[in-house]
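J.: Here it is, the structure in full.
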Amino acid sequence: MLKRIKKAAESLLRKKVKKTTKKKNDIKPSSIKSSSKKSVPKNNKKSSSKEVVPKNKNRGAKKHAIKRSRKPRDPEAVQEAKKYDNPVASRTLILKTITKEGMMTQSSVFKALRVREDQEEGVSRRLSAMVRDGQLVKNRRGGYLPVDEKHFIKGHVIAHAEGFGFLVPDEGGDDLFLSAKQMRGVLHGDHAVATVSGVDRRGRLEGSIISVVERANKTLIGRLLVDDGIAYVVPDNKRISQNILIPMEMIADASVDQIVKVEIISQPTKRKQMVGKVIGVIGEHMGPGMEIEMAIHNHGIPYDFPDAAIKQANNFGDSVADKDKHNRLDLRKTPLVTIDGADARDFDDAVYCEPRAASKGGGWKLIVAIADVAHYVDIGSVLDEEAYERATSVYFPGRVIPMLPEALSNGLCSINPDVDRLCMVCEMFVNQQGEVDSYDFKEAVMRSHARLTYNQVADALAGEGTGEITAEVYPHIVNLNAMYQALSKARKNRGTIEFDTTETVINFTDDKRIESIRPSVRNDAHKIIEECMISANVCAAKFIAKSKNPCLYRVHEDPADEKIDDLRGFLSDLSLKLGASSRKIVSNDYAELSAEIKQRDDFHMIQTLMLRSMKQAIYKAENSGHFGLALTHYAHFTSPIRRYPDLLVHRALKHIVRKHKKADYQYTQDRMAQMGEHCSSNERRANEATRDAEFALKCEYMLDKIGQTYDAHVTGVVQFGLFVELNEHFVEGLIHITNLPKDYYVFDPKTHQLVGENRGIQFGLNDKIRIKVARVDMDERKIDFELISEH
């Protein structure tokens, strides 16, 4: 029967029968279905083995072909054909089809899109890629669903050391709480898809993991242990709470208790633990220098350069080629000098200052010369790719992971004394009010006349003689200082925010153990160079903004309204104000409040809360000013050896200086925005890595001080206790709430205090206390203190 129906349908297609239009009830040829029972038209006088098509007496009726199931039209078919020899369905068509049909298996996708046999592998791979990229989600039964449905949320997993975690949505909005059970199948940093499964007792949205889009952890480091013949690695990253099983045949040459690097060969699921194999030994547990090694590996910081990058850097040689000095401003006779820390190895910048004649308006001419890294690092080169991947040099205590190979960072690009170097120069004319009247940028060749340290300059300015500075150079240092005084006044007048914070310097013994921790001293020489660099950075930002070429700006956005409201609420209890509530907050409001509280006993507490109310500075392709510095334009121009955004700024400046066409500029606005996010992210990564290494070193430093007592002050108040810092060693630890005097403590987030309800005992920020070192846990990176007394 089915064969006969099929045969009849084919006959109908060949004849291209006319369709009648006289009566709505006339039977259409296209309505003939493959069924076990044939439908016979009324004007058929008898049944036959073939279906009879009614004659249409209306000769004017239009011809109408019988409808056939057609292959869906792909809106991106042309683009796909250009890319591939055997093009398959585009992502757009696949997503549209699955969205329309609902959950579809791979075979149903093949059928719906009429995929040929030779295209099946390509479509299958595309489906997998769409799952990987978060466009689709695949369920346990092999069905695909679009992720953009309301009940699906894409985001990154943020794990907590206690085993639970959160999914931070890509599109913003409330985080989803992930229970320890949900966290079994994911790791910190994974990109996943989840659905809202409920609300917990705290009112938080709870999430359920549907699938993992992309795994963040391909390798991990940790301590190798063996129990009852079963080997496993305990990850050093405390956000990874799951151990890694290691088959005994995959331990390689590692020994028990060593710190090893593990490649994950089987990612965790809700039912199975992750499995890995040892691919390298980092060192011995508690060995000297291991804290920094572990921080490097934990945060995925690239520390080795590929041979191609090293070869490319070495090919430039150790001196500037004569041909590279042509068509540049020659500043080799100008007494430019570098002023840096005593332990600095790479020198990005040099400065020179001279007074201007009164006939020209007075003031000063300031030259800031910056190493011309862009001359050696071409766009798209191996060096460029490696520099972008890192985005910044990472400065650990006693060790640097450079952004560029040492042949450039410490050699040809570093402004070492008494050698020719290529540079980008910002020439500024500063008036007596500390304002830059005019500026210009040029490509130049220079020769540093002296390598000075901050202490040498500060001592020479404070003393009666020239100190360790030569008589030839000293007058220019005096000029720099005179100009700095004017720049400093202008800085205060515009409302720059000044915070009194303490940075520390760690001194090591020969075997890489901490000898001492001391505060770094910031003298006038530091401030002179800082003001010179800020002035050059402002000019660079303005120069590029005028051209409208895409570039990265260093942006410090205004504080969020809710943060300002919280801070004002706290300040009102202290009879203090932060600006006028009737207008937008400005930098000067913070500056005025900072000056007002300078002599108060609670100065540090208020300053801490002011700092916490502000946003973090980032790199963006759109210029929106710098709130902290009270500037409308700001970019990073002065450190291209160690920061990739500075290298981008140099490339933009060169494009303008060389008068190239805007159409020839190699960066788009969208690409620059992506690079800004990447550089900001890697800057945070570097900061987190150095912070982790420093705290691990401090934990080791405190091991032999258990039981000793110290003066300290409270730096943080949380529901479960107090974070305090030792006044002598600048080491932070926790006083758990159970180690406070007996009472029922309630955390007040507005005043940042723990308040005892029964006895009225209060603990707040910057409270002076006496503590005893109770416990140091190197594996957990924890230092516990006990409260002895309050001051």
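Labels used: A, B, ... for chains in the order of the structure tokens, numbers from 1 for residues in each chain, and numbers from 1 for ligands as shown.
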Within 12 Å of A:Ala89, counting only C-alpha atoms, which residues show up once you throw out same-chain ones fewer than 2 positions away? Write them as an MDAnalysis selection string, please.
T.: chainID A and resid 71:81 84 86:87 91:97 109:110 112:116 119:127
J.: Could you name the residues that touch A:Glu427 at 8 Å or less, counting only C-alpha atoms, but leaving out those on the same chain fewer than 5 positions away, as a PyMOL selection string?
T.: chain A and resi 365-368+439-441
J.: Include N, CA, C and O atoms and write out the residues we just selected as a compact mmCIF listing (two decimals), in the first residue's frame.
T.:
# COMPACT_ATOMS: atom_id res chain seq x y z
N LYS A 365 61.31 73.36 31.38
CA LYS A 365 61.18 72.38 30.30
C LYS A 365 61.51 71.01 30.89
O LYS A 365 62.59 70.82 31.44
N LEU A 366 60.59 70.10 30.78
CA LEU A 366 60.76 68.75 31.32
C LEU A 366 60.80 67.76 30.16
O LEU A 366 59.92 67.76 29.30
N ILE A 367 61.82 66.90 30.16
CA ILE A 367 61.91 65.83 29.16
C ILE A 367 61.81 64.49 29.89
O ILE A 367 62.57 64.21 30.81
N VAL A 368 60.85 63.71 29.47
CA VAL A 368 60.71 62.33 29.98
C VAL A 368 60.97 61.40 28.80
O VAL A 368 60.22 61.40 27.81
N TYR A 439 53.08 70.40 24.99
CA TYR A 439 53.86 69.16 24.98
C TYR A 439 53.99 68.64 23.56
O TYR A 439 53.25 69.05 22.66
N ASP A 440 54.94 67.74 23.37
CA ASP A 440 55.12 67.11 22.06
C ASP A 440 55.79 65.75 22.26
O ASP A 440 56.49 65.53 23.26
N PHE A 441 55.56 64.84 21.31
CA PHE A 441 56.17 63.51 21.35
C PHE A 441 57.08 63.32 20.14
O PHE A 441 56.73 63.73 19.03
J.: Using only C-alpha atoms, what does the table of stretch 372-429 of chain A residues within 12 Å of stretch 508-519 of chain A look like, with each row giving the shortest atom pair and its distance in Å to one decimal, sorted by chain and ascending number, as a tab-separated table?
T.:
residue	atom	partner	partner_atom	distance
A:Pro397	CA	A:Phe508	CA	8.7
A:Gly398	CA	A:Phe508	CA	7.7
A:Arg399	CA	A:Lys512	CA	10.7
J.: Residues of the last selection are to be written out with all heavy atoms, as an mmCIF file, in the first residue's frame.
T.:
data_model
loop_
_atom_site.group_PDB
_atom_site.id
_atom_site.type_symbol
_atom_site.label_atom_id
_atom_site.label_comp_id
_atom_site.auth_asym_id
_atom_site.auth_seq_id
_atom_site.Cartn_x
_atom_site.Cartn_y
_atom_site.Cartn_z
ATOM 1 N N PRO A 397 58.849 38.872 45.863
ATOM 2 C CA PRO A 397 59.970 39.235 46.745
ATOM 3 C C PRO A 397 61.245 38.507 46.313
ATOM 4 O O PRO A 397 61.310 37.288 46.337
ATOM 5 C CB PRO A 397 59.497 38.758 48.121
ATOM 6 C CG PRO A 397 58.011 38.739 48.039
ATOM 7 C CD PRO A 397 57.704 38.335 46.625
ATOM 8 N N GLY A 398 62.226 39.256 45.859
ATOM 9 C CA GLY A 398 63.498 38.670 45.479
ATOM 10 C C GLY A 398 63.549 38.016 44.116
ATOM 11 O O GLY A 398 64.560 37.430 43.739
ATOM 12 N N ARG A 399 62.456 38.103 43.324
ATOM 13 C CA ARG A 399 62.437 37.455 42.011
ATOM 14 C C ARG A 399 61.471 38.161 41.076
ATOM 15 O O ARG A 399 60.394 38.595 41.509
ATOM 16 C CB ARG A 399 62.055 35.981 42.149
ATOM 17 C CG ARG A 399 62.072 35.220 40.823
ATOM 18 C CD ARG A 399 61.729 33.762 41.023
ATOM 19 N NE ARG A 399 61.613 33.059 39.753
ATOM 20 C CZ ARG A 399 61.226 31.796 39.637
ATOM 21 N NH1 ARG A 399 60.936 31.083 40.724
ATOM 22 N NH2 ARG A 399 61.133 31.214 38.458
#
J.: Check stretch 580-728 of chain A with DSSP on the backbone and list each residue it calls strand (DSSP E or B), as a list in words.
T.: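 Strand (DSSP E or B) members of stretch 580-728 of chain A, listed: Ile618, Tyr619, Lys620, His626, Leu631, Arg643, Thr709, Tyr710, Asp711, Ala712, His713, Val714, Thr715, Gly716, Val717, Val718, Gly721, Leu722, Phe723, Val724, Glu725 and Leu726 of chain A.
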J.: I'd like to know which of A:Glu206, A:Glu530, A:Asp372, A:Asp418 is closest to A:Tyr484, using only C-alpha atoms.
T.: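 Ranked by minimum distance to A:Tyr484, first place goes to A:Glu530.
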J.: How many Å separate atom CA of A:Asn455 from atom CA of A:Val521?
T.: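 According to the coordinates, atom CA of A:Asn455 and atom CA of A:Val521 are separated by 9.5 Å.
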J.: Considering only C-alpha atoms, return as a PyMOL selection string whatever protein or nucleic-acid residues lie within 6 Å of stretch 169-185 of chain A, sequence-local ones (same chain, fewer than 2 positions apart) excluded.
T.: chain A and resi 154-155+163-167+205-207+268-270
J.: Pick from A:Lys768, A:Gly363, A:Phe695, A:Ile641: nearest to A:Ser393, with only C-alpha atoms counted?
T.: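 That would be A:Ile641, the residue with the smallest distance to A:Ser393.
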J.: When you count only C-alpha atoms, which of these residues is closest to A:Asp784: A:Val649, A:Leu703, A:Leu593, A:Leu245?
T.: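 Going through A:Val649, A:Leu703, A:Leu593, A:Leu245 one by one, the smallest distance to A:Asp784 is for A:Leu703.
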J.: Using only C-alpha atoms, pick whichever of A:Gly628, A:Gly362, A:Gly280, A:Pro288 has the shortest atom-to-atom distance to A:Ser613.
T.: A:Gly628
J.: Between A:Val196, A:Val478, A:Met778, A:Ala652, which is the closest to A:Ala540 once you count only C-alpha atoms?
T.: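 Closest residue, counting only C-alpha atoms: A:Ala652.
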J.: As a PyMOL selection string, please: all residues of stretch 284-448 of chain A that backbone DSSP puts in alpha helix (DSSP H).
T.: chain A and resi 290-298+307-314+382-390+406
J.: As an exercise, work out the distance from atom CA of A:Trp364 to atom CA of A:Ala490 in Å and give it to one decimal place.
T.: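 Atom-to-atom, atom CA of A:Trp364 to atom CA of A:Ala490, that is 14.5 Å.
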J.: What is the atom CA of A:Asp236-atom CA of A:Asp779 distance in Å, reported with one decimal?
T.: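 According to the coordinates, atom CA of A:Asp236 and atom CA of A:Asp779 are separated by 7.5 Å.
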J.: Which residues come within 8 Å of A:Val193, counting only C-alpha atoms, excluding same-chain residues fewer than 5 positions away, as a list in words?
T.: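 Using only C-alpha atoms, the neighbours found are Gly134, Val137, Val147, Phe152, Ile153, Lys154, Gly155, Ile209, Ile210, Ser211, Val212 and Val213 of chain A.
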J.: List the spatial neighbours of A:Gly579 as a PDB file with N, CA, C and O atoms, in the first residue's frame - criterion: any atom at most 12 Å away, only C-alpha atoms, same-chain residues fewer than 3 positions off excluded.
T.:
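Resulting contents of out_32.pdb:
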ATOM      1  N   ILE A 564      28.995  54.787  48.085  1.00  0.00           N
ATOM      2  CA  ILE A 564      29.004  56.144  48.641  1.00  0.00           C
ATOM      3  C   ILE A 564      27.950  56.272  49.746  1.00  0.00           C
ATOM      4  O   ILE A 564      28.207  56.850  50.813  1.00  0.00           O
ATOM      5  N   ASP A 565      26.761  55.706  49.503  1.00  0.00           N
ATOM      6  CA  ASP A 565      25.687  55.774  50.511  1.00  0.00           C
ATOM      7  C   ASP A 565      26.102  55.054  51.793  1.00  0.00           C
ATOM      8  O   ASP A 565      25.852  55.554  52.897  1.00  0.00           O
ATOM      9  N   LEU A 567      29.180  54.537  52.880  1.00  0.00           N
ATOM     10  CA  LEU A 567      30.237  55.305  53.536  1.00  0.00           C
ATOM     11  C   LEU A 567      29.662  56.532  54.229  1.00  0.00           C
ATOM     12  O   LEU A 567      30.043  56.844  55.364  1.00  0.00           O
ATOM     13  N   ARG A 568      28.743  57.217  53.569  1.00  0.00           N
ATOM     14  CA  ARG A 568      28.124  58.399  54.186  1.00  0.00           C
ATOM     15  C   ARG A 568      27.329  58.024  55.428  1.00  0.00           C
ATOM     16  O   ARG A 568      27.316  58.772  56.415  1.00  0.00           O
ATOM     17  N   LEU A 571      29.903  57.610  58.119  1.00  0.00           N
ATOM     18  CA  LEU A 571      30.497  58.892  58.510  1.00  0.00           C
ATOM     19  C   LEU A 571      29.532  59.758  59.307  1.00  0.00           C
ATOM     20  O   LEU A 571      29.952  60.528  60.191  1.00  0.00           O
ATOM     21  N   SER A 572      28.236  59.637  59.015  1.00  0.00           N
ATOM     22  CA  SER A 572      27.259  60.473  59.719  1.00  0.00           C
ATOM     23  C   SER A 572      27.250  60.196  61.221  1.00  0.00           C
ATOM     24  O   SER A 572      27.012  61.099  62.032  1.00  0.00           O
ATOM     25  N   LEU A 576      30.776  63.356  60.426  1.00  0.00           N
ATOM     26  CA  LEU A 576      31.610  63.696  59.285  1.00  0.00           C
ATOM     27  C   LEU A 576      30.767  63.639  58.003  1.00  0.00           C
ATOM     28  O   LEU A 576      29.748  62.949  57.949  1.00  0.00           O
ATOM     29  N   SER A 582      23.544  66.393  47.354  1.00  0.00           N
ATOM     30  CA  SER A 582      22.713  66.918  46.264  1.00  0.00           C
ATOM     31  C   SER A 582      23.415  66.874  44.914  1.00  0.00           C
ATOM     32  O   SER A 582      22.800  67.159  43.885  1.00  0.00           O
ATOM     33  N   ARG A 583      24.702  66.553  44.894  1.00  0.00           N
ATOM     34  CA  ARG A 583      25.449  66.532  43.635  1.00  0.00           C
ATOM     35  C   ARG A 583      26.295  65.267  43.538  1.00  0.00           C
ATOM     36  O   ARG A 583      26.451  64.517  44.507  1.00  0.00           O
ATOM     37  N   LYS A 584      26.880  65.084  42.348  1.00  0.00           N
ATOM     38  CA  LYS A 584      27.737  63.933  42.105  1.00  0.00           C
ATOM     39  C   LYS A 584      29.027  64.056  42.906  1.00  0.00           C
ATOM     40  O   LYS A 584      29.584  65.136  43.049  1.00  0.00           O
ATOM     41  N   ILE A 585      29.493  62.918  43.416  1.00  0.00           N
ATOM     42  CA  ILE A 585      30.738  62.899  44.184  1.00  0.00           C
ATOM     43  C   ILE A 585      31.918  63.224  43.266  1.00  0.00           C
ATOM     44  O   ILE A 585      31.942  62.844  42.104  1.00  0.00           O
ATOM     45  N   VAL A 586      32.897  63.962  43.791  1.00  0.00           N
ATOM     46  CA  VAL A 586      34.113  64.296  43.030  1.00  0.00           C
ATOM     47  C   VAL A 586      35.329  63.949  43.868  1.00  0.00           C
ATOM     48  O   VAL A 586      35.243  63.767  45.086  1.00  0.00           O
ATOM     49  N   SER A 587      36.486  63.892  43.223  1.00  0.00           N
ATOM     50  CA  SER A 587      37.726  63.501  43.902  1.00  0.00           C
ATOM     51  C   SER A 587      38.039  64.417  45.068  1.00  0.00           C
ATOM     52  O   SER A 587      38.515  63.972  46.118  1.00  0.00           O
ATOM     53  N   ASN A 588      37.782  65.704  44.887  1.00  0.00           N
ATOM     54  CA  ASN A 588      38.107  66.676  45.933  1.00  0.00           C
ATOM     55  C   ASN A 588      37.336  66.419  47.221  1.00  0.00           C
ATOM     56  O   ASN A 588      37.803  66.777  48.313  1.00  0.00           O
ATOM     57  N   ASP A 589      36.155  65.801  47.132  1.00  0.00           N
ATOM     58  CA  ASP A 589      35.396  65.459  48.340  1.00  0.00           C
ATOM     59  C   ASP A 589      36.189  64.484  49.201  1.00  0.00           C
ATOM     60  O   ASP A 589      36.237  64.615  50.430  1.00  0.00           O
ATOM     61  N   TYR A 590      36.797  63.489  48.546  1.00  0.00           N
ATOM     62  CA  TYR A 590      37.637  62.532  49.270  1.00  0.00           C
ATOM     63  C   TYR A 590      38.883  63.221  49.825  1.00  0.00           C
ATOM     64  O   TYR A 590      39.303  62.960  50.953  1.00  0.00           O
ATOM     65  N   ALA A 591      39.473  64.100  49.016  1.00  0.00           N
ATOM     66  CA  ALA A 591      40.693  64.784  49.446  1.00  0.00           C
ATOM     67  C   ALA A 591      40.429  65.655  50.669  1.00  0.00           C
ATOM     68  O   ALA A 591      41.227  65.684  51.622  1.00  0.00           O
ATOM     69  N   GLU A 592      39.308  66.362  50.673  1.00  0.00           N
ATOM     70  CA  GLU A 592      38.964  67.230  51.808  1.00  0.00           C
ATOM     71  C   GLU A 592      38.693  66.405  53.067  1.00  0.00           C
ATOM     72  O   GLU A 592      39.117  66.776  54.172  1.00  0.00           O
ATOM     73  N   LEU A 593      37.992  65.285  52.907  1.00  0.00           N
ATOM     74  CA  LEU A 593      37.716  64.427  54.067  1.00  0.00           C
ATOM     75  C   LEU A 593      39.014  63.837  54.607  1.00  0.00           C
ATOM     76  O   LEU A 593      39.216  63.775  55.827  1.00  0.00           O
ATOM     77  N   SER A 594      39.909  63.416  53.713  1.00  0.00           N
ATOM     78  CA  SER A 594      41.189  62.847  54.135  1.00  0.00           C
ATOM     79  C   SER A 594      41.998  63.855  54.937  1.00  0.00           C
ATOM     80  O   SER A 594      42.613  63.508  55.960  1.00  0.00           O
TER      81      SER A 594
END
